[in-house]
Amino acid sequence: MKKSIYLFFIALIGHLTGCSTEQPYSVKYLNAPGLTKPVGFSHVVEVSGGRTLYIAGIAPRDPMTGKIVGQGDLEAQSRQVFKNLGTILTASGAKMPDVVKLTTFVTSKDYSGFRNARRFYFPDDGQLPANTLAIVQGLALPDMMIEMESIAVLPPKNQNNLG
């Protein structure tokens, strides 16, 4: 019993003084040797510490009108999705480099327009998010050619970005 009370007070003092036993924040981008180097994404993104944002599927909607942009143009729709993701990240205190995972659904077997847009927002600097791309028959709205969800990780609020 005394040991439990002692540990409780140590934890409480650490919390009140801002000390933390959390792991330091770090992000590592890895590509498995022996596999083909991925184009535009990483095989693995390893994150220690930090705060995680799970971002719901983003549609290619115009932020002012709510209408789907770029009807029939996957690249235009992809760029709008990435712009909308940027808006969501900014509102959450994050930036595009904080994104560690994308899950993308497209309705076209020619997904080069998506890859072009992704390359604009995630240049190949060795720090690319992991990505899953699925070609589907349809999405929630008939004019949508893309929907994308993502995961972003930020440093803890009381720690500088060390990754």
# chains A, B, ... in the order shown; residues from 1 in each chain; ligands from 1
call {"tool": "residues_around", "arguments": {"residues": "A:Tyr111", "least_positions_apart": "5", "cutoff": "10 Å", "atoms": "only C-alpha atoms", "output": "list in words"}}
result
Leu74, Glu75, Ser78, Val106, Asn116, Leu133, Ala134, Ile135, Met145 and Ile146 of chain A
call {"tool": "closest_atom_pairs", "arguments": {"of": "stretch 84-160 of chain A", "to": "stretch 26-47 of chain A", "cutoff": "10 Å", "atoms": "only C-alpha atoms", "output": "tab-separated table"}}
result
residue	atom	partner	partner_atom	distance
A:Asp98	CA	A:Val27	CA	9.2
A:Val99	CA	A:Val45	CA	9.8
A:Val100	CA	A:Val45	CA	6.2
A:Lys101	CA	A:Val45	CA	7.8
A:Leu102	CA	A:Phe41	CA	9.2
A:Arg115	CA	A:Gly40	CA	7.4
A:Asn116	CA	A:Gly40	CA	9.5
A:Arg118	CA	A:Gly40	CA	7.5
A:Arg119	CA	A:Gly40	CA	6.6
A:Phe122	CA	A:Gly40	CA	7.6
A:Pro123	CA	A:Gly40	CA	7.7
A:Asp124	CA	A:Gly40	CA	6.3
A:Asp125	CA	A:Gly40	CA	9.6
A:Gly126	CA	A:Tyr29	CA	7.1
A:Gln127	CA	A:Tyr29	CA	5.8
A:Leu128	CA	A:Phe41	CA	4.8
A:Pro129	CA	A:Phe41	CA	5.4
A:Ala130	CA	A:Ser42	CA	4.8
A:Asn131	CA	A:Phe41	CA	5.9
A:Thr132	CA	A:Phe41	CA	9.1
A:Val153	CA	A:Val47	CA	7.7
A:Leu154	CA	A:Ser26	CA	9.5
A:Pro155	CA	A:Ser26	CA	8.1
call {"tool": "residues_around", "arguments": {"residues": "A:Met96", "least_positions_apart": "5", "cutoff": "8 Å", "atoms": "only C-alpha atoms", "output": "MDAnalysis selection string"}}
result
chainID A and resid 86 89 121:122
call {"tool": "select_by_dssp", "arguments": {"residues": "stretch 60-137 of chain A", "states": "alpha helix (DSSP H)", "output": "ChimeraX atom specification"}}
result
/A:74-91,112-121
call {"tool": "write_last_selection", "arguments": {"atoms": "C-alpha atoms", "output": "mmCIF file, in the first residue's frame"}}
result
data_model
loop_
_atom_site.group_PDB
_atom_site.id
_atom_site.type_symbol
_atom_site.label_atom_id
_atom_site.label_comp_id
_atom_site.auth_asym_id
_atom_site.auth_seq_id
_atom_site.Cartn_x
_atom_site.Cartn_y
_atom_site.Cartn_z
ATOM 1 C CA LEU A 74 -8.930 12.698 -61.241
ATOM 2 C CA GLU A 75 -5.947 15.041 -60.964
ATOM 3 C CA ALA A 76 -8.137 18.092 -60.288
ATOM 4 C CA GLN A 77 -10.136 16.127 -57.721
ATOM 5 C CA SER A 78 -6.938 14.809 -56.109
ATOM 6 C CA ARG A 79 -5.504 18.316 -55.796
ATOM 7 C CA GLN A 80 -8.743 19.455 -54.136
ATOM 8 C CA VAL A 81 -8.588 16.543 -51.698
ATOM 9 C CA PHE A 82 -5.013 17.481 -50.770
ATOM 10 C CA LYS A 83 -6.013 21.164 -50.379
ATOM 11 C CA ASN A 84 -8.875 20.095 -48.096
ATOM 12 C CA LEU A 85 -6.477 17.876 -46.134
ATOM 13 C CA GLY A 86 -4.174 20.887 -45.708
ATOM 14 C CA THR A 87 -7.080 22.914 -44.311
ATOM 15 C CA ILE A 88 -7.950 20.136 -41.854
ATOM 16 C CA LEU A 89 -4.322 19.765 -40.772
ATOM 17 C CA THR A 90 -3.927 23.518 -40.229
ATOM 18 C CA ALA A 91 -7.099 23.603 -38.108
ATOM 19 C CA SER A 112 -1.625 8.873 -62.648
ATOM 20 C CA GLY A 113 -3.571 12.072 -61.870
ATOM 21 C CA PHE A 114 -3.607 11.095 -58.199
ATOM 22 C CA ARG A 115 0.122 10.317 -58.270
ATOM 23 C CA ASN A 116 0.867 13.712 -59.886
ATOM 24 C CA ALA A 117 -1.119 15.542 -57.203
ATOM 25 C CA ARG A 118 0.446 13.494 -54.398
ATOM 26 C CA ARG A 119 3.939 14.252 -55.728
ATOM 27 C CA PHE A 120 3.149 17.997 -55.550
ATOM 28 C CA TYR A 121 2.144 17.773 -51.869
#
call {"tool": "closest_residue", "arguments": {"among": "A:Glu149, A:Ala94, A:Gly72, A:Gln137", "to": "A:Thr52", "atoms": "only C-alpha atoms"}}
result
A:Ala94
call {"tool": "closest_residue", "arguments": {"among": "A:Lys95, A:Thr107, A:Gly70, A:Pro24", "to": "A:Gly49", "atoms": "only C-alpha atoms"}}
result
A:Pro24
call {"tool": "atom_distance", "arguments": {"atom1": "atom CA of A:Asp110", "atom2": "atom CA of A:Met64"}}
result
28.8 Å
call {"tool": "closest_residue", "arguments": {"among": "A:Lys109, A:Thr103, A:Tyr54, A:Arg61", "to": "A:Met148", "atoms": "only C-alpha atoms"}}
result
A:Thr103
call {"tool": "atom_distance", "arguments": {"atom1": "atom CA of A:Thr104", "atom2": "atom CA of A:Glu147"}}
result
6.0 Å
